[in-house]
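Enquirer: Quick one, final-v4.cif (mmCIF, C-alpha atoms and all ligand atoms):
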```cif
data_work
loop_
_atom_site.label_atom_id
_atom_site.label_comp_id
_atom_site.auth_asym_id
_atom_site.auth_seq_id
_atom_site.Cartn_x
_atom_site.Cartn_y
_atom_site.Cartn_z
CA MET A 1 -2.28 0.23 26.46
CA LYS A 2 -4.02 -2.35 24.28
CA VAL A 3 -3.84 -2.00 20.49
CA LEU A 4 -5.93 -3.81 17.86
CA ILE A 5 -4.71 -4.01 14.25
CA VAL A 6 -7.21 -4.91 11.51
CA GLY A 7 -5.82 -6.90 8.57
CA SER A 8 -3.84 -10.03 7.82
CA GLY A 9 -0.93 -9.32 5.48
CA GLY A 10 2.72 -8.36 5.47
CA ARG A 11 1.72 -4.73 5.92
CA GLU A 12 -0.15 -5.51 9.14
CA HIS A 13 2.81 -7.60 10.35
CA ALA A 14 5.10 -4.59 9.75
CA ILE A 15 2.63 -2.31 11.59
CA ALA A 16 2.49 -4.80 14.49
CA GLU A 17 6.30 -4.93 14.64
CA SER A 18 6.41 -1.10 14.90
CA VAL A 19 3.67 -1.05 17.53
CA LYS A 20 5.58 -3.69 19.52
CA ARG A 21 8.56 -1.33 19.73
CA SER A 22 6.47 1.29 21.58
CA PRO A 23 7.02 1.21 25.36
CA LYS A 24 3.42 2.45 25.74
CA VAL A 25 1.96 -0.81 24.44
CA ASP A 26 1.26 -3.76 26.75
CA LYS A 27 -0.71 -5.98 24.43
CA ILE A 28 -1.38 -6.25 20.68
CA TYR A 29 -4.35 -7.96 19.05
CA CYS A 30 -4.79 -8.54 15.33
CA ALA A 31 -7.99 -9.42 13.47
CA PRO A 32 -7.73 -11.77 11.71
CA GLY A 33 -3.88 -11.76 11.55
CA ASN A 34 -1.70 -14.63 10.36
CA ALA A 35 0.83 -17.10 11.74
CA GLY A 36 3.69 -14.57 11.88
CA ILE A 37 1.63 -11.81 13.44
CA GLY A 38 0.50 -14.46 15.95
CA GLN A 39 4.04 -14.57 17.33
CA ILE A 40 3.86 -10.96 18.56
CA ALA A 41 0.10 -10.41 18.86
CA GLU A 42 -2.99 -12.34 19.84
CA CYS A 43 -4.88 -13.14 16.65
CA VAL A 44 -8.65 -12.80 16.88
CA ASP A 45 -10.85 -14.77 14.51
CA ILE A 46 -12.87 -11.84 13.15
CA LYS A 47 -12.70 -10.77 9.51
CA ALA A 48 -11.86 -7.19 8.51
CA MET A 49 -15.35 -6.53 7.10
CA GLU A 50 -17.21 -7.76 10.21
CA PHE A 51 -17.55 -4.26 11.66
CA ASP A 52 -20.10 -5.08 14.39
CA LYS A 53 -18.03 -7.95 15.72
CA LEU A 54 -14.86 -5.83 15.67
CA VAL A 55 -16.57 -2.98 17.54
CA ASP A 56 -17.97 -5.45 20.12
CA PHE A 57 -14.53 -6.99 20.58
CA ALA A 58 -12.82 -3.60 20.99
CA LYS A 59 -15.41 -2.60 23.60
CA SER A 60 -15.38 -5.81 25.60
CA GLU A 61 -11.60 -6.13 25.55
CA GLY A 62 -11.04 -2.45 26.45
CA ILE A 63 -8.95 -1.70 23.35
CA ASP A 64 -7.36 1.76 23.60
CA LEU A 65 -6.50 2.18 19.92
CA THR A 66 -7.49 0.37 16.72
CA ILE A 67 -5.34 0.71 13.58
CA ILE A 68 -6.98 -0.19 10.27
CA GLY A 69 -4.43 -1.61 7.81
CA MET A 70 -6.58 -2.51 4.81
CA ASP A 71 -8.43 -0.47 2.18
CA ASP A 72 -11.69 -2.47 1.99
CA PRO A 73 -12.86 -1.79 5.55
CA LEU A 74 -11.77 1.87 5.33
CA VAL A 75 -13.72 2.45 2.13
CA GLY A 76 -16.64 0.54 3.68
CA GLY A 77 -16.76 2.94 6.65
CA ILE A 78 -15.23 0.95 9.53
CA VAL A 79 -13.84 4.14 11.10
CA ASP A 80 -17.33 5.69 11.29
CA GLU A 81 -18.58 2.59 13.13
CA PHE A 82 -15.74 2.76 15.69
CA GLU A 83 -16.22 6.50 16.19
CA LYS A 84 -19.98 6.05 16.69
CA ALA A 85 -19.12 3.63 19.50
CA ASP A 86 -16.69 6.17 21.04
CA LEU A 87 -13.69 3.99 20.25
CA ARG A 88 -10.32 5.46 19.35
CA VAL A 89 -9.41 4.46 15.79
CA PHE A 90 -6.76 5.38 13.21
CA GLY A 91 -7.71 5.72 9.56
CA PRO A 92 -9.85 7.95 7.32
CA ASN A 93 -13.63 7.86 7.71
CA LYS A 94 -15.82 6.76 4.82
CA ALA A 95 -16.17 10.27 3.38
CA ALA A 96 -12.37 10.64 3.25
CA ALA A 97 -11.46 7.08 2.23
CA ILE A 98 -13.19 7.78 -1.10
CA LEU A 99 -9.81 9.24 -2.05
CA GLU A 100 -8.80 5.61 -2.68
CA GLY A 101 -12.28 4.13 -3.10
CA SER A 102 -13.15 6.07 -6.24
CA LYS A 103 -10.60 6.85 -8.94
CA ALA A 104 -13.17 9.08 -10.67
CA PHE A 105 -13.50 11.09 -7.44
CA SER A 106 -9.74 11.42 -7.00
CA LYS A 107 -9.22 12.46 -10.63
CA ASP A 108 -11.94 15.13 -10.35
CA LEU A 109 -10.39 16.34 -7.10
CA MET A 110 -6.96 16.70 -8.71
CA LYS A 111 -8.43 18.53 -11.70
CA LYS A 112 -10.44 20.92 -9.50
CA TYR A 113 -7.44 21.78 -7.30
CA ASN A 114 -4.75 21.77 -10.01
CA ILE A 115 -2.84 18.81 -8.60
CA PRO A 116 -0.58 17.40 -11.36
CA THR A 117 -1.94 14.14 -12.81
CA ALA A 118 -2.56 12.49 -16.20
CA LYS A 119 -5.32 13.95 -18.43
CA TYR A 120 -8.50 11.89 -18.21
CA GLU A 121 -12.25 11.65 -18.61
CA ASN A 122 -14.75 9.62 -16.54
CA PHE A 123 -17.45 7.47 -18.20
CA THR A 124 -20.54 5.55 -17.13
CA ASP A 125 -21.46 4.71 -20.72
CA ALA A 126 -19.38 2.25 -22.78
CA ASP A 127 -20.22 3.85 -26.18
CA GLU A 128 -19.25 7.30 -24.96
CA ALA A 129 -15.95 5.89 -23.65
CA LEU A 130 -15.25 4.25 -27.02
CA LYS A 131 -15.95 7.48 -28.93
CA TYR A 132 -13.53 9.36 -26.69
CA ILE A 133 -10.81 6.71 -27.09
CA GLU A 134 -11.21 6.60 -30.90
CA ALA A 135 -10.47 10.32 -31.04
CA GLY A 136 -7.38 10.04 -28.82
CA LYS A 137 -3.88 8.56 -28.73
CA PHE A 138 -2.49 5.12 -27.85
CA PRO A 139 -1.48 3.60 -25.54
CA VAL A 140 -4.42 4.59 -23.37
CA VAL A 141 -5.10 3.60 -19.75
CA LEU A 142 -8.49 2.28 -18.59
CA LYS A 143 -9.25 2.18 -14.87
CA ALA A 144 -12.19 0.68 -13.04
CA ASP A 145 -13.41 3.39 -10.67
CA GLY A 146 -13.62 1.32 -7.46
CA LEU A 147 -11.40 -1.06 -5.49
CA ALA A 148 -10.25 -4.00 -7.59
CA LEU A 149 -7.42 -5.55 -5.57
CA GLY A 150 -4.92 -3.47 -7.52
CA LYS A 151 -5.96 -5.18 -10.75
CA GLY A 152 -8.47 -2.73 -12.24
CA VAL A 153 -5.98 -0.89 -14.47
CA LEU A 154 -5.63 -1.90 -18.14
CA ILE A 155 -3.03 -0.42 -20.50
CA CYS A 156 -4.31 -0.71 -24.09
CA ASN A 157 -1.93 -0.36 -27.04
CA ASN A 158 -4.51 -0.10 -29.83
CA LEU A 159 -8.24 0.24 -30.52
CA ASP A 160 -8.89 -3.52 -30.39
CA GLU A 161 -7.32 -3.79 -26.95
CA ALA A 162 -9.29 -0.75 -25.80
CA LYS A 163 -12.58 -2.29 -27.03
CA GLU A 164 -11.71 -5.48 -25.16
CA GLY A 165 -10.82 -3.41 -22.08
CA ILE A 166 -14.11 -1.50 -22.10
CA LYS A 167 -15.93 -4.84 -22.37
CA THR A 168 -13.92 -6.33 -19.48
CA ILE A 169 -14.50 -3.41 -17.13
CA MET A 170 -17.94 -2.01 -18.06
CA GLN A 171 -19.85 -4.88 -19.69
CA ASP A 172 -18.47 -8.18 -18.34
CA LYS A 173 -17.93 -6.40 -15.00
CA LYS A 174 -14.78 -8.39 -14.28
CA PHE A 175 -14.15 -6.10 -11.29
CA GLY A 176 -17.81 -6.03 -10.26
CA ASP A 177 -19.45 -2.71 -9.41
CA ALA A 178 -15.98 -1.15 -9.36
CA GLY A 179 -16.48 -0.95 -13.13
CA ASN A 180 -19.78 0.98 -13.12
CA THR A 181 -17.68 4.06 -13.80
CA MET A 182 -14.47 3.91 -15.80
CA VAL A 183 -11.64 6.42 -16.00
CA VAL A 184 -9.91 6.78 -19.38
CA GLU A 185 -6.49 8.27 -18.84
CA GLU A 186 -3.54 9.50 -20.85
CA PHE A 187 -0.58 7.05 -20.79
CA MET A 188 2.51 8.44 -19.09
CA THR A 189 6.06 7.14 -18.87
CA GLY A 190 8.60 7.52 -16.10
CA ARG A 191 9.85 5.94 -12.95
CA GLU A 192 7.33 5.19 -10.20
CA VAL A 193 7.83 6.18 -6.58
CA SER A 194 5.66 5.52 -3.53
CA VAL A 195 5.49 8.21 -0.87
CA LEU A 196 3.60 7.47 2.33
CA SER A 197 2.49 10.16 4.75
CA PHE A 198 0.77 10.69 8.08
CA VAL A 199 -2.10 13.18 7.94
CA ASP A 200 -4.17 14.73 10.77
CA GLY A 201 -6.77 16.46 8.60
CA LYS A 202 -4.68 19.63 8.26
CA THR A 203 -0.99 18.82 8.65
CA ILE A 204 0.88 16.25 6.56
CA ARG A 205 4.19 14.61 7.47
CA ILE A 206 6.01 12.76 4.70
CA MET A 207 7.76 9.43 5.33
CA THR A 208 10.88 8.26 3.53
CA SER A 209 10.30 7.21 -0.11
CA ALA A 210 10.06 3.69 -1.50
CA GLN A 211 9.70 1.87 -4.80
CA ASP A 212 7.56 -1.19 -5.47
CA HIS A 213 7.98 -3.87 -8.18
CA LYS A 214 4.48 -4.72 -9.35
CA ARG A 215 5.10 -7.23 -12.14
CA ALA A 216 5.51 -10.92 -11.35
CA GLY A 217 8.67 -11.56 -13.39
CA ASP A 218 12.25 -10.32 -13.54
CA GLY A 219 12.79 -7.28 -15.75
CA ASP A 220 9.20 -6.11 -15.07
CA THR A 221 7.65 -8.85 -17.18
CA GLY A 222 4.52 -10.88 -16.53
CA LEU A 223 1.30 -9.98 -14.80
CA ASN A 224 0.64 -7.24 -12.29
CA THR A 225 0.73 -8.42 -8.67
CA GLY A 226 0.13 -6.88 -5.27
CA GLY A 227 3.88 -6.16 -5.23
CA MET A 228 6.91 -8.48 -5.43
CA GLY A 229 9.40 -6.39 -3.48
CA THR A 230 10.37 -2.89 -2.45
CA PHE A 231 13.32 -0.75 -1.56
CA SER A 232 13.65 2.43 0.48
CA PRO A 233 14.69 5.16 0.04
CA SER A 234 14.29 5.67 -3.70
CA PRO A 235 17.39 7.39 -5.12
CA PHE A 236 15.12 8.81 -7.83
CA TYR A 237 13.13 10.73 -5.24
CA THR A 238 15.58 13.63 -5.29
CA LYS A 239 15.51 16.89 -3.37
CA GLU A 240 14.15 18.57 -6.49
CA VAL A 241 11.31 16.05 -6.79
CA ASP A 242 10.59 16.45 -3.08
CA GLU A 243 10.38 20.23 -3.40
CA PHE A 244 7.99 19.97 -6.36
CA CYS A 245 5.74 17.52 -4.53
CA LYS A 246 5.71 19.64 -1.37
CA LYS A 247 4.74 22.68 -3.42
CA TYR A 248 2.10 21.18 -5.72
CA ILE A 249 0.95 17.77 -4.45
CA PHE A 250 1.15 16.83 -0.75
CA GLN A 251 -0.34 19.73 1.19
CA ALA A 252 -2.55 20.60 -1.78
CA SER A 253 -4.20 17.16 -1.59
CA VAL A 254 -4.82 17.44 2.16
CA ASP A 255 -6.24 20.96 1.79
CA ALA A 256 -8.43 19.88 -1.14
CA MET A 257 -10.00 17.11 0.95
CA ALA A 258 -10.62 19.50 3.86
CA THR A 259 -12.19 22.09 1.53
CA GLU A 260 -14.49 19.38 0.16
CA GLY A 261 -15.68 18.64 3.71
CA ARG A 262 -13.83 15.32 3.67
CA GLU A 263 -11.09 16.00 6.22
CA PHE A 264 -8.58 13.16 5.89
CA LYS A 265 -7.00 11.64 9.01
CA GLY A 266 -4.77 8.64 8.46
CA ILE A 267 -2.21 7.52 5.93
CA ILE A 268 -2.13 8.97 2.41
CA PHE A 269 -0.04 6.93 0.02
CA PHE A 270 0.92 8.94 -3.06
CA GLY A 271 1.66 6.74 -6.09
CA LEU A 272 3.79 9.08 -8.19
CA MET A 273 5.23 8.88 -11.68
CA LEU A 274 8.32 10.97 -12.35
CA THR A 275 7.63 12.07 -15.92
CA GLU A 276 9.74 14.32 -18.15
CA ASP A 277 7.34 17.12 -17.29
CA GLY A 278 7.72 16.57 -13.56
CA PRO A 279 6.05 14.36 -10.92
CA ARG A 280 2.42 13.34 -11.53
CA VAL A 281 -0.01 11.56 -9.20
CA LEU A 282 -0.88 8.09 -10.56
CA GLU A 283 -3.11 7.20 -7.66
CA TYR A 284 -3.90 7.84 -4.01
CA ASN A 285 -4.27 5.09 -1.44
CA ALA A 286 -5.77 5.63 2.00
CA ARG A 287 -3.46 3.22 3.89
CA PHE A 288 0.11 2.01 4.10
CA GLY A 289 1.47 0.33 0.97
CA ASP A 290 2.11 -3.38 0.95
CA PRO A 291 5.06 -4.14 0.64
CA GLU A 292 6.12 -0.47 1.02
CA ALA A 293 5.34 -0.58 4.77
CA GLN A 294 7.83 -3.46 5.14
CA VAL A 295 10.77 -1.20 4.14
CA VAL A 296 9.53 2.17 5.43
CA LEU A 297 8.36 1.32 8.98
CA PRO A 298 11.50 -0.57 10.07
CA ARG A 299 13.49 2.60 9.26
CA MET A 300 11.22 4.95 11.23
CA LYS A 301 12.75 6.17 14.50
CA ASN A 302 9.57 7.71 15.98
CA ASP A 303 7.28 5.81 18.31
CA ILE A 304 4.45 4.97 15.90
CA ILE A 305 1.88 5.31 18.71
CA ASP A 306 2.93 8.93 19.30
CA VAL A 307 2.57 9.75 15.61
CA ILE A 308 -0.82 8.03 15.33
CA ASN A 309 -2.08 9.81 18.45
CA ALA A 310 -0.95 13.13 16.96
CA CYS A 311 -2.96 12.37 13.80
CA ILE A 312 -6.09 11.55 15.79
CA ASP A 313 -5.69 14.56 18.12
CA GLN A 314 -4.71 16.91 15.26
CA THR A 315 -1.35 17.83 16.78
CA LEU A 316 0.82 16.49 13.97
CA ASP A 317 2.28 19.99 13.49
CA GLN A 318 4.21 19.31 16.72
CA VAL A 319 5.76 16.09 15.38
CA GLU A 320 8.82 15.70 13.14
CA LEU A 321 9.30 12.29 11.56
CA GLU A 322 12.76 10.79 11.73
CA PHE A 323 14.16 7.96 9.66
CA GLU A 324 17.41 6.03 9.99
CA ASP A 325 20.16 7.10 7.62
CA ASN A 326 20.32 3.68 5.96
CA ALA A 327 18.35 1.62 3.45
CA ALA A 328 16.06 -1.41 3.41
CA VAL A 329 15.08 -3.95 0.77
CA CYS A 330 12.13 -6.37 0.91
CA VAL A 331 12.00 -9.44 -1.35
CA VAL A 332 8.62 -11.15 -1.48
CA LEU A 333 8.69 -14.95 -1.37
CA ALA A 334 5.61 -16.07 -3.29
CA SER A 335 3.99 -19.35 -4.29
CA ASP A 336 4.99 -20.32 -7.83
CA GLY A 337 2.13 -19.47 -10.18
CA TYR A 338 1.06 -16.31 -8.30
CA PRO A 339 -0.90 -14.18 -9.23
CA VAL A 340 -2.93 -16.73 -11.21
CA LYS A 341 -2.98 -20.24 -9.81
CA TYR A 342 -0.86 -21.71 -7.05
CA GLU A 343 -0.87 -24.43 -4.44
CA LYS A 344 -0.72 -23.77 -0.70
CA GLY A 345 -0.36 -25.70 2.54
CA PHE A 346 3.40 -26.37 2.31
CA GLU A 347 5.51 -26.26 5.48
CA ILE A 348 7.83 -23.23 5.76
CA LYS A 349 11.29 -23.97 7.18
CA GLY A 350 14.02 -21.64 8.43
CA LEU A 351 11.85 -18.93 10.03
CA GLU A 352 13.73 -19.23 13.34
CA LYS A 353 16.90 -17.96 11.63
CA PHE A 354 15.44 -14.44 11.76
CA ASP A 355 15.12 -14.46 15.56
CA ASP A 356 17.29 -11.83 17.22
CA LYS A 357 19.08 -10.92 13.98
CA ASP A 358 19.31 -7.15 14.06
CA GLY A 359 18.09 -5.47 10.91
CA TYR A 360 16.47 -8.60 9.42
CA TYR A 361 12.71 -9.19 9.35
CA CYS A 362 10.51 -11.91 7.95
CA PHE A 363 7.04 -10.40 7.56
CA HIS A 364 4.28 -12.94 7.00
CA ALA A 365 1.73 -12.28 4.24
CA GLY A 366 0.00 -15.58 3.47
CA THR A 367 0.79 -18.09 6.22
CA ARG A 368 -1.21 -20.07 8.75
CA LEU A 369 -0.64 -22.50 11.60
CA ASP A 370 -1.38 -26.12 10.83
CA ASN A 371 -0.88 -28.59 13.69
CA GLY A 372 1.87 -26.48 15.20
CA LYS A 373 3.63 -25.96 11.87
CA ILE A 374 3.63 -22.76 9.81
CA VAL A 375 2.45 -23.45 6.25
CA THR A 376 1.97 -21.39 3.08
CA ASN A 377 -1.51 -19.91 2.77
CA GLY A 378 -1.49 -17.45 -0.12
CA GLY A 379 0.15 -16.13 -3.27
CA ARG A 380 2.44 -13.78 -1.45
CA VAL A 381 3.80 -15.82 1.46
CA LEU A 382 6.58 -13.84 3.16
CA GLY A 383 8.36 -10.50 2.84
CA VAL A 384 12.04 -10.91 3.65
CA THR A 385 13.37 -7.49 4.64
CA ALA A 386 16.93 -6.49 5.48
CA LYS A 387 18.58 -3.20 6.26
CA GLY A 388 22.03 -2.13 5.15
CA GLU A 389 24.14 1.00 5.28
CA ASN A 390 23.09 1.72 1.69
CA LEU A 391 20.76 0.19 -0.90
CA LYS A 392 23.39 -2.16 -2.34
CA ALA A 393 24.25 -3.54 1.09
CA ALA A 394 20.56 -3.87 2.01
CA ARG A 395 19.87 -5.73 -1.24
CA ALA A 396 22.77 -8.15 -0.68
CA ASN A 397 21.56 -8.76 2.90
CA ALA A 398 17.93 -9.32 1.83
CA TYR A 399 18.86 -11.82 -0.90
CA GLU A 400 21.18 -13.64 1.54
CA ALA A 401 18.27 -13.90 3.99
CA THR A 402 15.93 -15.32 1.32
CA LYS A 403 18.21 -18.38 1.33
CA TRP A 404 17.38 -19.08 4.98
CA ILE A 405 13.78 -19.87 4.07
CA ASP A 406 12.60 -22.98 2.35
CA PHE A 407 9.17 -24.14 1.18
CA GLU A 408 7.89 -26.09 -1.79
CA ASN A 409 7.02 -23.86 -4.77
CA LYS A 410 9.03 -20.92 -3.40
CA TYR A 411 9.22 -18.18 -6.06
CA MET A 412 10.80 -14.73 -5.99
CA ARG A 413 12.07 -12.05 -8.33
CA ASN A 414 15.85 -11.89 -8.53
CA ASP A 415 16.11 -8.23 -9.50
CA ILE A 416 14.44 -6.35 -6.65
CA GLY A 417 16.30 -3.06 -6.32
CA LYS A 418 18.36 -3.62 -9.45
CA ALA A 419 17.29 -0.16 -10.68
CA ILE A 420 19.41 1.40 -7.96
CA ASP A 421 22.49 0.48 -10.02
CA GLU A 422 21.32 3.06 -12.57
CA ALA A 423 20.93 5.80 -9.98
P1 LIG B 1 -2.83 2.49 -10.22
O1 LIG B 1 -3.64 1.43 -9.52
O2 LIG B 1 -3.61 3.66 -10.68
O3 LIG B 1 -1.56 2.87 -9.49
O4 LIG B 1 -2.25 1.78 -11.50
C1 LIG B 1 -1.50 0.59 -11.40
C2 LIG B 1 -0.30 0.70 -12.29
O5 LIG B 1 -0.68 0.96 -13.64
C3 LIG B 1 0.62 1.84 -11.90
O6 LIG B 1 1.49 1.49 -10.88
C4 LIG B 1 1.32 2.10 -13.21
O7 LIG B 1 2.37 1.18 -13.42
C5 LIG B 1 0.25 1.84 -14.26
N1 LIG B 1 -0.43 3.08 -14.62
C6 LIG B 1 -1.51 3.64 -14.03
N2 LIG B 1 -1.85 4.80 -14.62
C7 LIG B 1 -0.98 4.98 -15.63
C8 LIG B 1 -0.80 6.01 -16.60
N3 LIG B 1 -1.61 7.05 -16.70
N4 LIG B 1 0.23 5.87 -17.48
C9 LIG B 1 1.06 4.82 -17.41
N5 LIG B 1 0.94 3.81 -16.51
C10 LIG B 1 -0.07 3.89 -15.62
N1 LIG B 2 2.25 -1.74 -3.20
C1 LIG B 2 1.15 -1.07 -3.72
C2 LIG B 2 -0.01 -0.96 -2.83
O1 LIG B 2 0.07 -1.22 -1.64
O2 LIG B 2 -1.06 -0.56 -3.30
#
```
Represent the structure from my file as structure tokens, please.
Expert:
Amino acid sequence: MKVLIVGSGGREHAIAESVKRSPKVDKIYCAPGNAGIGQIAECVDIKAMEFDKLVDFAKSEGIDLTIIGMDDPLVGGIVDEFEKADLRVFGPNKAAAILEGSKAFSKDLMKKYNIPTAKYENFTDADEALKYIEAGKFPVVLKADGLALGKGVLICNNLDEAKEGIKTIMQDKKFGDAGNTMVVEEFMTGREVSVLSFVDGKTIRIMTSAQDHKRAGDGDTGLNTGGMGTFSPSPFYTKEVDEFCKKYIFQASVDAMATEGREFKGIIFFGLMLTEDGPRVLEYNARFGDPEAQVVLPRMKNDIIDVINACIDQTLDQVELEFEDNAAVCVVLASDGYPVKYEKGFEIKGLEKFDDKDGYYCFHAGTRLDNGKIVTNGGRVLGVTAKGENLKAARANAYEATKWIDFENKYMRNDIGKAIDEA
């Protein structure tokens, strides 16, 4: 069969790598893809938001299955367009992707169905928001309602910061229309865990857990990024936590969406915080995490095509997910200066060292081909992933493998997975 993947980051490279392992697949296409994906798939020069062109391509090329990697096209309704054209596609439709597309919607959903989350209130009026904040406690969390490239969350320590935050989101519209509505949320503390799942509208199957490192600098300092590295499984995602989430969060979220007439088929990514009072949902995403996918998918034993087909055909109740009894760590190699200002276009050397090395992967995030050479083309450049028999071994292997790669302005965190020492 022919498979098309929509997206261009490390996540889509990890999806492509999993798809490649399926004996059912003859050919992989990726739109628009990147230089690394181009080594295992044919990259097609169509952007993720060009729905008409993507549908035309899928029809003319006889694509059997399209997998949507990114949030923007999902929230924009790409799945509805593919379904209208009778094309087989994996991801939530527009009505369901609102779970990620609107934080105000997801907070209201959790409140209505008693799914544990931080206390909050939604606002469309800046003065009303300020009044509410003045009467409450600090720190307080302000969230732009819509998609904001993972940057629409502001943690404010005092009233001045909160005033500035309201201005940034609602008046200056730094995140555009995403800030028309703003969620004001209680600040929580605890360890964060990412749990990804396959969902067929009714049944949910949980993948192995992972933890991201969102800040740019060692020791969780510096600005928020798309993610600087991950490890899987998370030792903090204990059996007890799992039981709580199964009882109060996972199935409850799927059922809530179905009851609302927004049946969700695709990936639900639960961003959880393990607070003193138990696990709480920080956010939902409607797609694989990036770089969570880079440590979760390489450990999955199932044929990803079988699992995706079961989601589309609503037979996921007949599937059990299986993961290797090992660990994986992904260290992101970024361009120095990310997430603010950085140079690109530098040649990347050492990529060939990953060829045929079992348990080592170099997922491309921001790369492109330039006269036959692979050069840097983004803030996050590569995700170097290694497996090991346990987290410590995987971490040692991943950091060893980061040494194989060289490019000007190479930057990485040196403490990815350090938290596992405390486990
Ligand atoms: P979100 O996009 O909602 O996951 O928020 C991004 C990050 O902001 C999370 O990964 C947390 O580190 C932090 N955050 C979000 N909501 C809260 C909260 N209620 N309390 C503390 N930190 C939060
Ligand atoms: N790593 C966080 C995300 O994919 O949203």
Enquirer: Considering only C-alpha atoms and all ligand atoms, give me a table of residues in chain A that are at most 7 Å from ligand LIG 1 (chain B), with the closest atom pair and distance in Å for each, as a Markdown table.
Expert:
```
| residue | atom | partner | partner_atom | distance |
| --- | --- | --- | --- | --- |
| A:Ala118 | CA | B:LIG1 | N3 | 5.5 |
| A:Val141 | CA | B:LIG1 | N3 | 5.8 |
| A:Gly150 | CA | B:LIG1 | O1 | 5.4 |
| A:Gly152 | CA | B:LIG1 | O1 | 6.9 |
| A:Val153 | CA | B:LIG1 | O4 | 5.5 |
| A:Glu185 | CA | B:LIG1 | N3 | 5.5 |
| A:Glu186 | CA | B:LIG1 | N3 | 5.2 |
| A:Phe187 | CA | B:LIG1 | N4 | 3.6 |
| A:Met188 | CA | B:LIG1 | N4 | 3.8 |
| A:Thr189 | CA | B:LIG1 | C9 | 5.7 |
| A:Glu192 | CA | B:LIG1 | O6 | 6.9 |
| A:Gly271 | CA | B:LIG1 | O3 | 6.1 |
| A:Leu282 | CA | B:LIG1 | O2 | 5.2 |
| A:Glu283 | CA | B:LIG1 | O2 | 4.7 |
```
Enquirer: Each side padded by 4 Å, which centre and which edge lengths in Å (one decimal) define the axis-aligned box around the listed atoms of stretch 295-304 of chain A? Give them as lines of an AutoDock Vina configuration file.
Expert:
```
center_x = 9.0
center_y = 3.3
center_z = 11.2
size_x = 17.0
size_y = 16.9
size_z = 22.2
```
Enquirer: Please find the residues contacting ligand LIG 2 (chain B) at a distance of at most 9 Å between atoms, with only C-alpha atoms and all ligand atoms counted, and report them as a PyMOL selection string.
Expert: chain A and resi 11+149-150+194+211-214+225-230+269+271+284-285+287-293
Enquirer: Nearest residue to A:Asn377 out of A:Ser335, A:Gln171, A:Thr402, A:Asn397, using all atoms listed in the file?
Expert: A:Ser335
Enquirer: Counting all atoms listed in the file, what is within 9 Å of A:Phe323, bar same-chain residues fewer than 4 positions away, as number ranges by chain?
Expert: A: 207-208, 296-302
Enquirer: Counting only C-alpha atoms, write as a ChimeraX atom specification all protein and nucleic acid residues lying at most 12 Å from (2.7, -15.4, 0.6) in the file's frame.
Expert: /A:8-11,34-36,225-229,291,331-339,342-346,348,362-368,374-384,407,409-412
Enquirer: One decimal, Å: what's the distance from atom CA of A:Ala398 over to atom CA of A:Val329, could you say?
Expert: 6.2 Å
Enquirer: I'd like the interatomic distance between atom CA of A:Leu65 and atom CA of A:Leu4, to a tenth of an Å.
Expert: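 Those two atoms sit 6.4 Å apart.
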Enquirer: Give me, please, the distance in Å between atom CA of A:Gly350 and atom CA of A:Ala401, quoted to one decimal.
Expert: 9.9 Å
Enquirer: Show me the residues around (14.9, -1.7, 3.2) - criterion: an atom at most 6 Å away, only C-alpha atoms counted - as a list in words.
Expert: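 Those residues, ordered by chain and then number, are Phe231, Ser232, Val295, Ala327, Ala328, Val329, Cys330, Ala386 and Lys387 of chain A.
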Enquirer: Since we have the selection now, will you write its residues out, keeping C-alpha atoms, as a PDB file, keeping the file's coordinate frame?
Expert:
```pdb
ATOM      1  CA  PHE A 231      13.320  -0.750  -1.560  1.00  0.00           C
ATOM      2  CA  SER A 232      13.650   2.430   0.480  1.00  0.00           C
ATOM      3  CA  VAL A 295      10.770  -1.200   4.140  1.00  0.00           C
ATOM      4  CA  ALA A 327      18.350   1.620   3.450  1.00  0.00           C
ATOM      5  CA  ALA A 328      16.060  -1.410   3.410  1.00  0.00           C
ATOM      6  CA  VAL A 329      15.080  -3.950   0.770  1.00  0.00           C
ATOM      7  CA  CYS A 330      12.130  -6.370   0.910  1.00  0.00           C
ATOM      8  CA  ALA A 386      16.930  -6.490   5.480  1.00  0.00           C
ATOM      9  CA  LYS A 387      18.580  -3.200   6.260  1.00  0.00           C
TER      10      LYS A 387
END
```
Enquirer: A:Leu159: which residues within 9 Å, counting all atoms listed in the file, same-chain residues fewer than 6 positions away excluded, as JSON, numbers by chain?
Expert: {"A": [130, 133, 134, 138]}
Enquirer: Pick out the closest residue to A:Gly91 from this set: A:Ala216, A:Ala286, A:Met273, A:Met110. Count only C-alpha atoms.
Expert: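 Checking each of A:Ala216, A:Ala286, A:Met273, A:Met110 against A:Gly91, counting only C-alpha atoms, the winner is A:Ala286.
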Enquirer: Show me, as JSON, numbers by chain, the residues that have an atom within 7 Å of A:Gly417 when counting only C-alpha atoms, minus same-chain residues fewer than 2 positions from it.
Expert: {"A": [231, 395, 415, 419, 420]}
